[in-house]
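Some notes on the structure that comes next.
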Amino acid sequence: MASVVSDKRGTYVDLEGHKVRKYDFLQLSKIPRLEYDDPNVESIIANEEPVLLVNSNIISSALKWDLDYLKKNLGAGSFSVYSSKTCKFMYYDEKRAKQWPYFIPPTQRIHMKFEEFCSRVRNLKASDSRVYLQQMLDDSVGKNIVKDFLEFKWQWLTEMQRKMNWGSLTSNLLLIGLPGNITPVHYDEQQNFFGQLTGFKRVILFHPDQFKCLYPFPLYHPCDRQSQVDFDNPDFKRFPKLKELKGYEVIVGPGDVLYIPMYWWHHVESTMNSGITTSVNFWFKAGPTPSQITHPLTAQQKVAVMRNIERMLGEALGDPHEVGPLLNCMVNGRYTENNDEKDYGADVLS
């Protein structure tokens, strides 16, 4: 039986030798782990299901990207670092936040030289705010980093992009975090190959059909695409369908590449006992909308439809805060789940 350890930051359990957060209410299965050239990989990705690719050498040229190597080679520019008073780093839209006078940002974005970041990480005290570097890789980095970057297995990546009919590569994000750092559950609107360089991360994923169990913020909120649910303090009274939530989990280690499909929810945490974690991801735009829509729609397509409805209503009403009341007026008592389809409108037609 796995041992359980608690401290002021949370309760932890052993998962495959890694110290991770304990979430008793989650029902989790395992993500498949396959060699990158396994013939089943393409069909899994084509079905937009997550898969962990091992022994791929896709990012092997960057496995040496620890703090010392990056400090020497990353360059003298300023880097985007997020600061949090907790271990959680929830994304929020800074422009939208200005339109919400009572919104309290969960993190603070600051810019610092990499040498300063290293000093903060290595000399962190228990009372200090935690930090998480999240920087887009571009041609401003040092020449050795560019060389390592160009040695990624781009032929495989671009071939997969072509076969899946995805759009262009939009960005590569470098992530460097402390043990225990958490990116709370959210989804992205792009296809993602998530590569682990140093340390280990636990990733929990949820199919888009779990949308109703995760209670995302409204589209116009600064925390759009983030769940309102706090896994460490689940509020089942406010979010009753959270009890029905089912997902998947996997430990991602150096050299591994995890495919995270678009619209799949994911919670990412650096394990407590693996030191500093370094990751890099590859974000691709979605492919073009099919000329012929097949019904029934997939869960991914339904999420896209819901987002479009919210966006159009906000624009039509002129005030996004009116979207919720209008939708409630439309749905309550008319399209609620306890209305049997065969009885719909029976009192009107009789």
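Letters A, B, ... go to the chains of the structure tokens in the order shown; residues in each chain start at 1; ligands are counted from 1 in the same order.
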
May I have all residues of segment 239-296 of chain A that DSSP, computed from the backbone, assigns to strand (DSSP E), given as a PyMOL selection string? chain A and resi 246-252+257-260+265-270+277-284

Counting only C-alpha atoms, what is within 7 Å of segment 189-192 of chain A, bar same-chain residues fewer than 2 positions away, as a PyMOL selection string? chain A and resi 187+194+259-263+281-286

Which of these, A:Met306, A:Leu173, A:Met164, A:Val257, has the shortest distance to Asn47 of chain A once you count only C-alpha atoms? A:Met164

Hey, what's within 6 Å of Ile276 of chain A if we count only C-alpha atoms and toss same-chain stuff fewer than 3 positions away? As a ChimeraX atom specification, please? /A:177-179

Under the rule of at most 10 Å, produce a per-residue listing of segment 264-312 of chain A near segment 222-228 of chain A: chain, number, name, the closest pair of atoms, and the distance in Å, as CSV, using only C-alpha atoms.
residue,atom,partner,partner_atom,distance
A:Trp265,CA,A:Gln226,CA,8.8
A:His266,CA,A:Gln226,CA,9.8
A:Arg307,CA,A:Arg225,CA,9.8

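With distances restricted to only C-alpha atoms, A:Leu242 is the closest residue to Val229 of chain A from A:Phe117, A:Leu26, A:Leu169, A:Leu242.
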
Pick from A:Phe79, A:Phe114, A:Phe149, A:Phe206, whichever lies nearest to Ser61 of chain A using only C-alpha atoms: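 The answer is A:Phe149, which sits nearest to Ser61 of chain A.
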
Straight-line distance linking atom CA of Lys71 of chain A with atom CA of Leu258 of chain A, stated in Å to one decimal: 26.3 Å

Hey, what's within 9 Å of Gly199 of chain A if we count only C-alpha atoms and toss same-chain stuff fewer than 5 positions away? As a list in words, please?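 Using only C-alpha atoms, the neighbours found are Pro179, Val252, Gly253, Pro254, Ser270, Thr271, Asn273, Ser274, Gly275, Ile276, Thr277, Thr278 and Ser279 of chain A.
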
C-alpha atoms of the current selection, written as a PDB file, in the first residue's frame:
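Wrote part_31.pdb, looks like this:
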ATOM      1  CA  PRO A 179       9.396  20.687  -7.181  1.00  0.00           C
ATOM      2  CA  VAL A 252       6.552  12.093 -17.804  1.00  0.00           C
ATOM      3  CA  GLY A 253      10.331  11.817 -17.467  1.00  0.00           C
ATOM      4  CA  PRO A 254      13.458  13.004 -19.303  1.00  0.00           C
ATOM      5  CA  SER A 270       6.302  18.747 -10.867  1.00  0.00           C
ATOM      6  CA  THR A 271       6.898  15.788  -8.581  1.00  0.00           C
ATOM      7  CA  ASN A 273      11.263  14.444  -5.217  1.00  0.00           C
ATOM      8  CA  SER A 274      12.759  15.033  -8.676  1.00  0.00           C
ATOM      9  CA  GLY A 275      14.427  18.428  -8.333  1.00  0.00           C
ATOM     10  CA  ILE A 276      14.088  21.281 -10.841  1.00  0.00           C
ATOM     11  CA  THR A 277      11.964  20.375 -13.850  1.00  0.00           C
ATOM     12  CA  THR A 278      12.609  21.609 -17.381  1.00  0.00           C
ATOM     13  CA  SER A 279      10.130  21.063 -20.207  1.00  0.00           C
TER      14      SER A 279
END

Judged by only C-alpha atoms, the minimum distance to Lys30 of chain A among A:Leu15, A:Asp188, A:Lys88, A:Arg96 is found for A:Leu15

As a PyMOL selection string, please: all residues of segment 11-258 of chain A that backbone DSSP puts in alpha helix (DSSP H). chain A and resi 40-46+67-73+94-97+114-122+143-150+154-163+211-214

What's around Ile251 of chain A at 7 Å? Count only C-alpha atoms, leave out sequence neighbours fewer than 5 positions away in its own chain, and write the answer as a CSV table (one decimal) with N, CA, C and O atoms, in the first residue's frame.
chain,number,residue,atom,x,y,z
A,200,PHE,N,10.8,15.1,-13.3
A,200,PHE,CA,9.6,14.4,-13.6
A,200,PHE,C,8.4,15.2,-13.3
A,200,PHE,O,8.3,16.0,-12.4
A,201,LYS,N,7.4,15.0,-14.2
A,201,LYS,CA,6.1,15.6,-14.0
A,201,LYS,C,5.0,14.6,-14.1
A,201,LYS,O,5.1,13.6,-14.8
A,202,ARG,N,3.9,14.8,-13.3
A,202,ARG,CA,2.7,14.0,-13.3
A,202,ARG,C,1.7,14.9,-14.1
A,202,ARG,O,1.5,16.0,-13.8
A,203,VAL,N,1.1,14.2,-15.1
A,203,VAL,CA,0.1,14.9,-15.9
A,203,VAL,C,-1.2,14.1,-15.7
A,203,VAL,O,-1.2,12.9,-16.0
